[in-house]
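Enquirer: This is the content of model-v1.txt (compact mmCIF, C-alpha atoms):
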```txt
# COMPACT_ATOMS: atom_id res chain seq x y z
CA MET A 127 113.79 101.65 79.00
CA ALA A 128 110.42 101.50 80.76
CA GLU A 129 108.62 101.17 77.41
CA ALA A 130 110.91 98.31 76.44
CA GLN A 131 110.19 96.56 79.74
CA LYS A 132 106.44 96.92 79.20
CA THR A 133 106.76 95.56 75.66
CA SER A 134 108.84 92.69 77.01
CA ARG A 135 106.14 91.92 79.59
CA THR A 136 103.51 91.93 76.84
CA ARG A 137 105.60 89.52 74.81
CA SER A 138 106.14 87.42 77.90
CA VAL A 139 102.38 87.07 78.38
CA ARG A 140 102.02 86.10 74.73
CA THR A 141 104.89 83.62 75.09
CA ARG A 142 103.38 82.07 78.22
CA ILE A 143 100.01 81.68 76.53
CA THR A 144 101.66 80.07 73.51
CA LEU A 145 103.81 77.74 75.60
CA VAL A 146 100.85 76.61 77.71
CA ALA A 147 98.73 76.03 74.61
CA VAL A 148 101.55 74.16 72.85
CA ALA A 149 102.22 72.02 75.92
CA VAL A 150 98.56 71.09 76.27
CA VAL A 151 98.15 70.36 72.56
CA ALA A 152 101.40 68.39 72.45
CA ALA A 153 100.30 66.28 75.41
CA LEU A 154 96.88 65.65 73.89
CA LEU A 155 98.27 64.84 70.46
CA GLY A 156 100.97 62.64 71.99
CA ILE A 157 98.41 60.69 73.99
CA GLY A 158 96.19 60.49 70.92
CA ALA A 159 99.07 59.24 68.75
CA VAL A 160 100.02 56.54 71.24
CA GLY A 161 96.38 55.52 71.55
CA THR A 162 96.00 55.46 67.77
CA VAL A 163 99.05 53.23 67.30
CA TRP A 164 97.97 50.89 70.07
CA THR A 165 94.41 50.70 68.71
CA LEU A 166 95.66 50.08 65.17
CA ASP A 167 97.88 47.24 66.43
CA ARG A 168 95.02 45.67 68.39
CA VAL A 169 92.50 45.99 65.55
CA LEU A 170 94.78 44.49 62.91
CA THR A 171 95.88 41.71 65.26
CA ASP A 172 92.26 40.91 66.10
CA GLN A 173 91.44 40.76 62.40
CA ILE A 174 94.23 38.22 61.84
CA ALA A 175 93.06 36.29 64.91
CA ALA A 176 89.53 36.14 63.48
CA GLN A 177 90.82 34.88 60.15
CA LEU A 178 93.05 32.35 61.90
CA ASP A 179 90.14 31.17 64.03
CA ASP A 180 88.11 30.50 60.87
CA ASP A 181 91.09 28.60 59.43
CA LEU A 182 91.39 26.58 62.62
CA ASP A 183 87.72 25.57 62.55
CA MET A 184 87.85 24.64 58.89
CA ILE A 185 91.06 22.58 59.24
CA ALA A 186 89.73 20.91 62.41
CA ASP A 187 86.62 19.85 60.50
CA THR A 188 88.79 18.43 57.73
CA VAL A 189 90.95 16.48 60.19
CA GLU A 190 87.92 15.10 62.04
CA SER A 191 86.50 13.95 58.72
CA GLY A 192 89.55 11.73 58.35
CA VAL A 193 91.32 13.68 55.69
CA PRO A 194 94.65 14.55 57.38
CA ASP A 195 96.36 14.71 54.00
CA ALA A 196 94.58 18.01 53.53
CA ILE A 197 97.07 19.41 55.97
CA THR A 198 100.13 18.47 53.97
CA GLU A 199 98.55 19.59 50.75
CA ARG A 200 97.66 23.04 52.00
CA ASP A 201 100.23 25.60 50.91
CA ASP A 202 99.16 29.08 51.90
CA ASP A 203 99.86 31.76 54.49
CA VAL A 204 98.79 29.51 57.35
CA LEU A 205 101.25 27.16 59.06
CA ILE A 206 99.56 23.96 60.24
CA ALA A 207 100.83 21.36 62.70
CA LEU A 208 98.83 18.37 63.92
CA HIS A 209 100.35 16.75 66.99
CA THR A 210 99.05 13.17 67.50
CA GLY A 211 101.10 11.37 70.10
CA GLY A 212 104.62 11.03 68.78
CA ARG A 213 103.67 12.02 65.27
CA THR A 214 103.43 15.57 63.88
CA ILE A 215 101.85 16.38 60.54
CA VAL A 216 102.78 19.76 59.04
CA ASN A 217 102.08 21.60 55.81
CA ASP A 218 105.42 23.40 55.85
CA ASP A 219 108.80 22.74 57.39
CA ASP A 220 108.49 25.96 59.38
CA ALA A 221 105.43 24.49 61.07
CA ASN A 222 107.76 22.07 62.89
CA GLU A 223 108.79 25.01 65.04
CA LEU A 224 105.26 25.46 66.34
CA SER A 225 105.19 24.43 69.99
CA GLY A 226 103.62 21.20 71.10
CA PRO A 227 100.37 20.99 72.98
CA ASP A 228 102.05 21.10 76.39
CA GLU A 229 103.81 24.40 75.68
CA ILE A 230 101.22 26.50 73.89
CA SER A 231 98.09 28.29 75.01
CA GLU A 232 94.96 28.76 72.98
CA ARG A 233 96.33 32.06 71.58
CA ALA A 234 99.95 33.15 71.60
CA GLU A 235 102.47 35.21 69.72
CA ALA A 236 105.87 33.84 68.79
CA ARG A 237 108.58 34.12 66.17
CA VAL A 238 108.88 31.33 63.67
CA ASP A 239 111.91 31.42 61.38
CA ASP A 240 112.47 34.98 62.66
CA GLU A 241 109.00 36.04 61.55
CA PRO A 242 106.30 37.18 64.02
CA MET A 243 103.39 34.76 64.14
CA LEU A 244 100.00 34.64 65.81
CA ILE A 245 99.31 31.07 66.93
CA LEU A 246 96.04 29.35 67.80
CA SER A 247 95.55 25.76 68.99
CA GLU A 248 92.64 23.44 69.56
CA ASP A 249 92.45 20.09 71.30
CA LEU A 250 90.61 17.76 68.92
CA GLY A 251 89.85 15.35 71.74
CA GLY A 252 90.60 11.66 72.20
CA ASP A 253 93.63 10.39 70.31
CA ARG A 254 93.15 12.75 67.43
CA GLY A 255 95.73 15.12 68.92
CA THR A 256 96.08 18.87 68.99
CA LEU A 257 95.80 21.11 65.98
CA VAL A 258 98.07 24.19 65.90
CA VAL A 259 97.81 26.92 63.26
CA ALA A 260 99.78 30.14 62.82
CA ARG A 261 99.59 33.21 60.61
CA SER A 262 102.19 35.92 60.10
CA THR A 263 101.64 39.32 61.75
CA GLU A 264 104.48 41.00 59.93
CA GLU A 265 102.05 43.16 57.96
CA VAL A 266 100.58 44.37 61.25
CA GLY A 267 104.02 45.41 62.40
CA ASP A 268 104.67 47.16 59.09
CA ALA A 269 101.37 49.01 59.30
CA VAL A 270 102.01 50.03 62.92
CA SER A 271 105.54 51.15 62.07
CA ALA A 272 104.28 53.21 59.15
CA ALA A 273 101.57 54.79 61.30
CA THR A 274 104.12 55.51 64.03
CA MET A 275 106.45 57.17 61.56
CA VAL A 276 103.66 59.26 60.07
CA LEU A 277 102.47 60.37 63.49
CA ALA A 278 106.03 61.04 64.65
CA VAL A 279 106.35 63.52 61.80
CA ALA A 280 102.77 64.85 61.78
CA VAL A 281 102.42 65.53 65.51
CA PRO A 282 105.43 67.88 65.80
CA ILE A 283 104.36 69.66 62.61
CA ALA A 284 100.82 70.02 63.98
CA VAL A 285 102.14 71.26 67.32
CA ALA A 286 104.36 73.79 65.55
CA LEU A 287 101.48 75.02 63.36
CA ILE A 288 99.19 75.29 66.38
CA GLY A 289 101.92 77.20 68.23
CA VAL A 290 102.17 79.68 65.36
CA VAL A 291 98.39 80.06 65.23
CA VAL A 292 98.13 80.54 69.01
CA TRP A 293 100.96 83.08 68.89
CA ALA A 294 99.17 85.01 66.16
CA VAL A 295 95.80 84.78 67.89
CA ALA A 296 97.33 85.84 71.22
CA ALA A 297 99.04 88.77 69.51
CA ARG A 298 95.76 89.79 67.91
CA ALA A 299 93.85 89.37 71.19
CA LEU A 300 96.43 91.24 73.28
CA GLY A 301 96.95 93.94 70.68
CA PRO A 302 93.94 96.04 71.78
CA VAL A 303 94.96 95.58 75.43
CA ASP A 304 98.45 96.84 74.64
CA ARG A 305 96.96 99.73 72.68
CA ILE A 306 94.82 100.67 75.69
CA ARG A 307 97.90 100.41 77.92
CA ARG A 308 99.89 102.74 75.66
CA GLN A 309 97.07 105.26 75.52
CA VAL A 310 96.59 105.28 79.29
CA ASP A 311 100.37 105.41 79.81
CA HIS A 312 100.54 108.68 77.88
CA VAL A 313 97.85 110.32 80.01
CA GLY A 314 99.43 112.92 82.28
CA ALA A 315 98.43 115.88 84.41
CA GLU A 316 97.99 118.03 81.31
CA THR A 317 96.08 115.41 79.33
CA LEU A 318 93.66 114.02 81.90
CA ASP A 319 90.80 114.77 79.53
CA GLN A 320 91.96 112.08 77.10
CA ARG A 321 89.94 108.89 76.99
CA VAL A 322 90.38 105.44 75.46
CA PRO A 323 88.29 104.99 72.28
CA ARG A 324 85.66 102.27 72.58
CA THR A 325 84.80 99.78 69.86
CA GLY A 326 81.10 99.68 70.67
CA ASN A 327 81.06 95.87 70.43
CA ASP A 328 80.35 95.42 74.16
CA ASP A 329 82.98 92.69 74.34
CA GLU A 330 85.72 92.24 76.92
CA ILE A 331 88.01 94.78 75.24
CA ASP A 332 85.22 97.32 74.95
CA ARG A 333 84.31 96.84 78.62
CA LEU A 334 87.99 97.18 79.56
CA ALA A 335 88.13 100.49 77.70
CA ALA A 336 84.97 101.63 79.51
CA THR A 337 86.50 100.65 82.86
CA MET A 338 89.70 102.54 82.07
CA ASN A 339 87.66 105.60 81.08
CA ARG A 340 85.73 105.49 84.35
CA MET A 341 89.02 105.25 86.21
CA LEU A 342 90.37 108.23 84.28
CA ASP A 343 87.17 110.14 85.14
CA ARG A 344 87.80 109.48 88.83
CA VAL A 345 91.47 110.41 88.52
CA GLU A 346 90.61 113.63 86.70
CA GLU A 347 87.93 114.54 89.22
CA GLY A 348 90.30 113.85 92.12
CA TYR A 349 93.06 115.86 90.46
CA ARG A 350 90.77 118.82 89.73
CA THR A 351 89.41 118.66 93.28
CA ARG A 352 92.91 118.73 94.73
CA GLN A 353 93.79 121.62 92.46
CA ARG A 354 90.76 123.57 93.65
CA PHE A 355 91.52 122.59 97.23
CA VAL A 356 95.12 123.79 97.02
CA SER A 357 94.03 126.99 95.28
CA ASP A 358 91.35 127.71 97.89
CA ALA A 359 93.69 126.86 100.76
CA SER A 360 96.35 129.18 99.33
CA HIS A 361 93.80 131.95 98.99
CA GLU A 362 92.47 131.46 102.50
CA LEU A 363 95.96 131.51 104.01
CA ARG A 364 97.03 134.45 101.86
CA SER A 365 94.27 136.71 103.18
CA PRO A 366 95.28 136.72 106.89
CA LEU A 367 98.94 136.95 105.94
CA ALA A 368 98.23 139.96 103.73
CA THR A 369 96.22 141.61 106.51
CA MET A 370 99.02 141.16 109.06
CA ARG A 371 101.60 142.40 106.57
CA GLN A 372 99.57 145.52 105.77
CA TYR A 373 99.26 146.45 109.43
CA ALA A 374 102.97 145.73 110.01
CA GLU A 375 103.99 147.91 107.03
CA LEU A 376 101.65 150.66 108.21
CA GLU A 377 103.19 150.56 111.67
CA ARG A 378 106.72 150.67 110.21
CA ALA A 379 105.93 153.52 107.83
CA HIS A 380 103.88 155.53 110.32
CA PRO A 381 104.75 154.51 113.87
CA GLY A 382 101.94 155.26 116.26
CA ALA A 383 99.40 155.90 113.49
CA ALA A 384 97.32 152.90 114.48
CA PRO A 385 95.54 152.89 117.84
CA PRO A 386 97.59 151.24 120.62
CA GLY A 387 97.29 147.48 120.63
CA GLU A 388 95.49 147.30 117.26
CA LEU A 389 98.44 145.64 115.51
CA ALA A 390 98.64 143.01 118.25
CA ASP A 391 94.89 142.43 118.04
CA VAL A 392 95.07 142.02 114.26
CA VAL A 393 98.02 139.64 114.45
CA LEU A 394 96.34 137.55 117.15
CA GLY A 395 93.03 137.48 115.32
CA GLU A 396 94.45 136.63 111.92
CA GLY A 397 96.87 134.15 113.49
CA ALA A 398 93.95 132.37 115.18
CA ARG A 399 92.15 132.31 111.84
CA MET A 400 95.21 130.82 110.14
CA GLN A 401 95.53 128.25 112.91
CA GLU A 402 91.91 127.26 112.45
CA ILE A 403 92.41 126.85 108.70
CA VAL A 404 95.60 124.80 109.10
CA GLU A 405 94.05 122.56 111.76
CA GLY A 406 90.99 122.06 109.57
CA LEU A 407 93.17 121.14 106.59
CA LEU A 408 95.17 118.68 108.67
CA LEU A 409 92.01 117.06 110.01
CA LEU A 410 90.55 116.76 106.51
CA ALA A 411 93.78 115.23 105.26
CA LYS A 412 93.67 112.66 108.07
CA LEU A 413 90.01 111.92 107.37
CA ASP A 414 90.78 111.48 103.67
CA GLU A 415 93.48 108.89 104.41
CA GLY A 416 91.54 107.25 107.26
CA SER A 417 94.16 107.84 109.96
CA ALA A 418 91.91 110.17 111.95
CA GLN A 419 89.98 107.16 113.22
CA SER A 420 93.02 105.37 114.60
CA GLY A 421 91.84 106.26 118.13
CA ALA A 422 89.68 104.04 120.26
CA ARG A 423 86.03 103.71 119.24
CA GLY A 424 83.22 103.10 121.63
CA ASP A 425 79.66 104.00 122.50
CA VAL A 426 78.96 107.73 122.23
CA ASP A 427 75.79 109.44 123.51
CA LEU A 428 74.81 112.10 121.02
CA ASP A 429 72.49 113.65 123.59
CA ASP A 430 75.47 114.27 125.89
CA LEU A 431 77.34 115.99 123.08
CA ALA A 432 74.31 118.15 122.27
CA LEU A 433 73.79 119.10 125.93
CA ALA A 434 77.47 120.04 126.24
CA GLU A 435 77.22 122.33 123.22
CA ALA A 436 74.01 123.89 124.51
CA SER A 437 75.75 124.67 127.81
CA ARG A 438 78.73 126.16 125.98
CA ILE A 439 76.60 128.51 123.86
CA ARG A 440 74.60 129.61 126.92
CA ALA A 441 77.84 130.39 128.73
CA LEU A 442 79.13 132.42 125.78
CA GLY A 443 75.84 134.29 125.52
CA THR A 444 76.10 134.52 121.75
CA ALA A 445 72.61 133.15 121.09
CA SER A 446 69.55 131.78 122.81
CA VAL A 447 69.61 127.97 122.94
CA ASP A 448 66.62 125.61 122.89
CA GLY A 449 67.57 122.08 123.95
CA GLY A 450 64.05 120.77 124.45
CA GLY A 451 64.36 118.32 121.58
CA ILE A 452 67.35 116.47 123.02
CA GLY A 453 66.56 112.82 123.74
CA PRO A 454 68.55 109.60 124.19
CA ALA A 455 70.59 108.61 121.12
CA ARG A 456 73.65 106.36 121.19
CA VAL A 457 76.05 105.52 118.40
CA SER A 458 79.40 103.78 118.04
CA GLY A 459 82.36 105.91 117.04
CA ASP A 460 85.16 108.26 118.01
CA SER A 461 83.78 110.62 120.64
CA ARG A 462 86.44 113.25 119.85
CA LEU A 463 85.55 113.42 116.16
CA LEU A 464 81.80 113.32 116.75
CA ALA A 465 82.10 116.12 119.29
CA ARG A 466 84.01 118.13 116.67
CA ALA A 467 81.23 117.55 114.13
CA VAL A 468 78.52 118.67 116.57
CA ARG A 469 80.52 121.75 117.58
CA ASN A 470 81.02 122.75 113.93
CA LEU A 471 77.28 122.52 113.28
CA VAL A 472 76.47 124.54 116.39
CA ASP A 473 79.06 127.21 115.56
CA ASN A 474 77.69 127.40 112.02
CA ALA A 475 74.15 127.80 113.37
CA VAL A 476 75.22 130.52 115.85
CA ARG A 477 77.08 132.34 113.09
CA HIS A 478 73.96 132.54 110.90
CA ALA A 479 71.22 132.74 113.53
CA ARG A 480 69.44 135.99 114.29
CA SER A 481 68.86 135.12 117.93
CA THR A 482 68.06 131.45 118.52
CA VAL A 483 69.45 128.00 117.82
CA ALA A 484 67.84 124.68 118.72
CA LEU A 485 69.39 121.25 119.22
CA GLY A 486 67.74 117.84 119.17
CA THR A 487 68.61 114.15 119.20
CA ALA A 488 66.46 111.07 118.74
CA VAL A 489 66.44 107.50 117.49
CA ASN A 490 64.28 106.61 114.50
CA GLY A 491 64.29 102.93 113.62
CA GLY A 492 67.91 101.87 113.42
CA SER A 493 69.26 105.40 112.96
CA ALA A 494 70.35 107.99 115.48
CA LEU A 495 69.58 111.60 114.50
CA LEU A 496 71.12 114.85 115.68
CA TRP A 497 69.89 118.16 114.34
CA VAL A 498 70.81 121.80 114.80
CA ASP A 499 68.37 124.58 113.83
CA ASP A 500 68.80 128.32 113.48
CA ASP A 501 66.43 131.20 112.79
CA GLY A 502 68.63 132.74 110.10
CA ASP A 503 68.07 133.08 106.38
CA GLY A 504 68.38 129.34 105.68
CA VAL A 505 70.16 127.61 102.83
CA PRO A 506 68.71 127.76 99.30
CA GLU A 507 67.71 124.33 98.06
CA SER A 508 70.05 124.61 95.08
CA GLU A 509 73.02 125.11 97.44
CA ARG A 510 72.32 122.35 99.96
CA GLU A 511 74.84 119.96 98.47
CA ARG A 512 77.51 122.58 97.80
CA VAL A 513 77.63 123.85 101.39
CA PHE A 514 79.50 120.69 102.39
CA GLU A 515 82.29 121.32 99.88
CA ARG A 516 85.56 122.71 101.16
CA PHE A 517 85.94 126.51 101.37
CA THR A 518 82.32 127.05 100.34
CA ARG A 519 80.63 130.18 101.68
CA LEU A 520 77.15 131.26 100.72
CA ASP A 521 77.72 134.63 102.35
CA GLU A 522 81.46 135.01 101.92
CA ALA A 523 81.96 138.47 103.35
CA ARG A 524 79.87 137.89 106.49
CA SER A 525 81.45 134.48 107.09
CA ARG A 526 84.96 135.88 106.95
CA ASP A 527 84.08 138.72 109.25
CA ALA A 528 82.63 136.21 111.70
CA GLY A 529 85.75 134.06 111.55
CA GLY A 530 84.48 131.21 109.34
CA SER A 531 87.13 129.27 107.45
CA GLY A 532 84.81 127.54 104.99
CA LEU A 533 85.96 124.13 106.25
CA GLY A 534 83.58 123.51 109.15
CA LEU A 535 80.76 121.84 107.23
CA ALA A 536 83.23 119.93 105.03
CA ILE A 537 84.78 118.51 108.20
CA VAL A 538 81.31 117.55 109.46
CA ALA A 539 80.55 115.71 106.21
CA GLU A 540 83.84 113.80 106.29
CA ILE A 541 83.50 112.82 109.97
CA VAL A 542 79.96 111.58 109.42
CA ARG A 543 81.00 109.69 106.28
CA THR A 544 83.82 107.90 108.12
CA HIS A 545 81.25 106.81 110.74
CA GLY A 546 78.98 105.30 108.10
CA GLY A 547 76.36 108.07 108.23
CA SER A 548 75.12 111.05 106.25
CA VAL A 549 74.35 114.72 106.78
CA ARG A 550 71.75 116.85 105.05
CA VAL A 551 70.17 120.32 105.13
CA GLU A 552 66.45 120.98 105.58
CA ASN A 553 64.18 123.86 106.42
CA ALA A 554 64.07 124.50 110.16
CA PRO A 555 60.87 125.14 112.13
CA LEU A 556 62.56 128.34 113.36
CA GLY A 557 62.63 129.60 109.77
CA GLY A 558 66.30 129.09 109.03
CA ALA A 559 68.31 125.96 108.22
CA ARG A 560 68.26 122.58 109.92
CA PHE A 561 71.40 120.43 109.63
CA VAL A 562 70.69 116.76 110.34
CA ILE A 563 73.30 114.08 111.09
CA VAL A 564 72.14 110.49 110.60
CA LEU A 565 74.26 107.68 112.07
CA PRO A 566 73.73 103.96 112.73
CA ALA A 567 72.26 103.66 116.23
CA THR A 568 73.45 101.18 118.87
CA ALA A 569 71.35 99.50 121.52
CA GLU A 570 70.96 101.40 124.78
```
Any chance you could put this one into structure tokens?

Expert:
Amino acid sequence: MAEAQKTSRTRSVRTRITLVAVAVVAALLGIGAVGTVWTLDRVLTDQIAAQLDDDLDMIADTVESGVPDAITERDDDVLIALHTGGRTIVNDDDANELSGPDEISERAEARVDDEPMLILSEDLGGDRGTLVVARSTEEVGDAVSAATMVLAVAVPIAVALIGVVVWAVAARALGPVDRIRRQVDHVGAETLDQRVPRTGNDDEIDRLAATMNRMLDRVEEGYRTRQRFVSDASHELRSPLATMRQYAELERAHPGAAPPGELADVVLGEGARMQEIVEGLLLLAKLDEGSAQSGARGDVDLDDLALAEASRIRALGTASVDGGGIGPARVSGDSRLLARAVRNLVDNAVRHARSTVALGTAVNGGSALLWVDDDGDGVPESERERVFERFTRLDEARSRDAGGSGLGLAIVAEIVRTHGGSVRVENAPLGGARFVIVLPATAE
């Protein structure tokens, strides 16, 4: 049913193209046919008028020479009437129907003996009267009628032929598009590696195929990323659940075998770890869809966030903190999210530091910088991009023992990205790693 609807839509596009083309061509040919008939009528009539004007001049010369009998003796296609007072001289009885001098203009059309005539007149001056001549235009009418009949038959035939040609051309032009549509329509979760063949002609169809392939690349990458994400999330959540289950089964099978309170400590610890993972996943999901920034945005002092984290670490006593590099730095954003990003960097530094972490903030040009250093082992240069991927651990065993979920740096990268900034890893002066957040600065 869906395939039939798509085919129907394709045919509908072809039909619309054909109808528009036929309508335009029909209008143009119709206007051209009317113009042709009108022009033919005018040209033939003007030719007869020119001939009649020559006849009028010649007959007027004859009459002025005093040879009026030349009028009555002339027997040809021209009707001649000479009106002199109460007398009218004609060369044919039909010429008596030609209007007198008071009723006729210099050029007129009339019917004489039910035959269309073109009439010219000339005032000879004095008492010589007015000379009126006429010539039949019936041949003009016949020619115009014949041309009209020919065009009346030819134009519809031409329109029909053009419609057929346009239909065929549209079908040929839309055929590759429909082929691409069918190929893309058959791409599913199990066939995301399929691509649309390109013609190599670098035309519109070839560029469309290239665009569709790039889209399929993005879809495949997004799908594979989600698959990895779901797999990693399942693995991360499975580990604490398995740990709690093992301790619970041990307690059931051997009551009192574990030290008092150990089961509760394990459940609380693993539950906190699960909560951290779930909250991290929810935050990443909100950042991915953009809803995490629905809160109010305003000016945020990065130096205040850094000072707050330095105070927190000093209070915990987990590492020595150097805040001597903290200076004024203001950005625009969500203070809650930015505070989360700074905390994640500080926690990551504390987790990997031997004894000392250092925080700093500054403004460089139009950018506000915040960095966190540690004196740990650092991050290998080949891994400095991968550390911001979700569930990435360079030292997996130690990170799990220390409570890391593998989402902290990924959350930092997403928060910074949504604020129009970037984050990178460098070598720290302390010997370990330096994580640097770069954000657009605002005026103090």

Enquirer: Which polymer residues, protein or nucleic acid, are no farther than 10 Å from (69.9, 99.5, 124.3), counting only C-alpha atoms, as a list of chain:residue names?

Expert: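 Here the neighbourhood of the point contains A:Ala455, A:Arg456, A:Ala567, A:Thr568, A:Ala569, A:Glu570.
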
Enquirer: Mind checking which residues fall within 9 Å of range 307-323 of chain A, counting only C-alpha atoms, ignoring those fewer than 3 positions away in the same chain, and posting them as a PDB file with C-alpha atoms, in the coordinates of the input?

Expert:
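As written to disk, selection24.pdb reads:
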```
ATOM      1  CA  PRO A 302      93.940  96.040  71.780  1.00  0.00           C
ATOM      2  CA  VAL A 303      94.960  95.580  75.430  1.00  0.00           C
ATOM      3  CA  ASP A 304      98.450  96.840  74.640  1.00  0.00           C
ATOM      4  CA  ASP A 332      85.220  97.320  74.950  1.00  0.00           C
ATOM      5  CA  ALA A 335      88.130 100.490  77.700  1.00  0.00           C
ATOM      6  CA  ALA A 336      84.970 101.630  79.510  1.00  0.00           C
ATOM      7  CA  MET A 338      89.700 102.540  82.070  1.00  0.00           C
ATOM      8  CA  ASN A 339      87.660 105.600  81.080  1.00  0.00           C
ATOM      9  CA  LEU A 342      90.370 108.230  84.280  1.00  0.00           C
ATOM     10  CA  ASP A 343      87.170 110.140  85.140  1.00  0.00           C
ATOM     11  CA  VAL A 345      91.470 110.410  88.520  1.00  0.00           C
ATOM     12  CA  GLU A 346      90.610 113.630  86.700  1.00  0.00           C
ATOM     13  CA  TYR A 349      93.060 115.860  90.460  1.00  0.00           C
TER      14      TYR A 349
END
```

Enquirer: Using CA of Gly406 in chain A and CA of Asp448 in chain A as the two end points, give the distance in Å to one decimal.

Expert: 28.0 Å

Enquirer: Calculate how many Å separate CA of Glu435 in chain A from CA of Leu496 in chain A, rounding to one decimal.

Expert: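 Computing it gives 12.2 Å between the two atoms.
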
Enquirer: Residues within 12 Å of Thr144 in chain A, please, as a PyMOL selection string. Count all atoms listed in the file; anything in the same chain fewer than 2 positions from it doesn't count.

Expert: chain A and resi 137-142+146-152+285-297

Enquirer: When you count only C-alpha atoms, which of these residues is closest to Ser446 in chain A: A:Ser458, A:Thr351, A:Ser481, A:Asn470?

Expert: A:Ser481

Enquirer: Give the answer as one residue: which of A:Arg298, A:Asp167, A:Arg333, A:Gly251 has the shortest atom-to-atom distance to Thr263 in chain A, using all atoms listed in the file?

Expert: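 Of the candidates, the smallest distance to Thr263 in chain A is held by A:Asp167.
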
Enquirer: So the first atom is CA of Leu178 in chain A and the second is CA of Ile245 in chain A; what is the distance between them in Å, to one decimal place?

Expert: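 Spanning CA of Leu178 in chain A to CA of Ile245 in chain A is a straight-line distance of 8.1 Å.
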
Enquirer: List the neighbours of Thr482 in chain A out to 10 Å using all atoms listed in the file; skip same-chain residues closer than 6 positions along the sequence, and give me the result as a PyMOL selection string.

Expert: chain A and resi 444-448+475-476+499-502+556+558

Enquirer: With a distance cut-off of 8 Å and all atoms listed in the file, select the neighbouring residues of Ala260 in chain A, excluding the residue or stretch itself and same-chain residues fewer than 4 positions from it, and output the selection as a count of residues only.

Expert: 8

Enquirer: Taking only C-alpha atoms into account, name the residue in A:Val562, A:Ala484, A:Leu410, A:Val505 that is nearest to Leu533 in chain A.

Expert: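 The answer is A:Leu410, which sits nearest to Leu533 in chain A.
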
Enquirer: Near Asp427 in chain A, counting only C-alpha atoms, which residues have an atom at most 7 Å away, once you skip same-chain residues fewer than 2 positions from it, shown as a count of residues only?

Expert: 7

Enquirer: Rank nothing, just name the residue among A:Ala280, A:Ile143, A:Arg324, A:Leu363 nearest to Glu405 in chain A, using only C-alpha atoms.

Expert: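 Of the candidates, the smallest distance to Glu405 in chain A is held by A:Leu363.
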
Enquirer: Need the neighbours of (80.1, 123.9, 121.2): which residues are at most 9 Å away, counting all atoms listed in the file, as an MDAnalysis selection string?

Expert: chainID A and resid 431:432 434:439 465:466 468:473

Enquirer: Take the residues just selected and output them with C-alpha atoms as an mmCIF file, in the frame of the given file.

Expert:
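Saved to selection08.cif:
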```
data_model
loop_
_atom_site.group_PDB
_atom_site.id
_atom_site.type_symbol
_atom_site.label_atom_id
_atom_site.label_comp_id
_atom_site.auth_asym_id
_atom_site.auth_seq_id
_atom_site.Cartn_x
_atom_site.Cartn_y
_atom_site.Cartn_z
ATOM 1 C CA LEU A 431 77.340 115.990 123.080
ATOM 2 C CA ALA A 432 74.310 118.150 122.270
ATOM 3 C CA ALA A 434 77.470 120.040 126.240
ATOM 4 C CA GLU A 435 77.220 122.330 123.220
ATOM 5 C CA ALA A 436 74.010 123.890 124.510
ATOM 6 C CA SER A 437 75.750 124.670 127.810
ATOM 7 C CA ARG A 438 78.730 126.160 125.980
ATOM 8 C CA ILE A 439 76.600 128.510 123.860
ATOM 9 C CA ALA A 465 82.100 116.120 119.290
ATOM 10 C CA ARG A 466 84.010 118.130 116.670
ATOM 11 C CA VAL A 468 78.520 118.670 116.570
ATOM 12 C CA ARG A 469 80.520 121.750 117.580
ATOM 13 C CA ASN A 470 81.020 122.750 113.930
ATOM 14 C CA LEU A 471 77.280 122.520 113.280
ATOM 15 C CA VAL A 472 76.470 124.540 116.390
ATOM 16 C CA ASP A 473 79.060 127.210 115.560
#
```

Enquirer: Choose the residue, out of A:Thr274, A:Val259, A:Thr210, A:Ile185, that has the smallest atom-to-atom separation from Gly158 in chain A; count all atoms listed in the file.

Expert: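 Closest candidate: A:Thr274.
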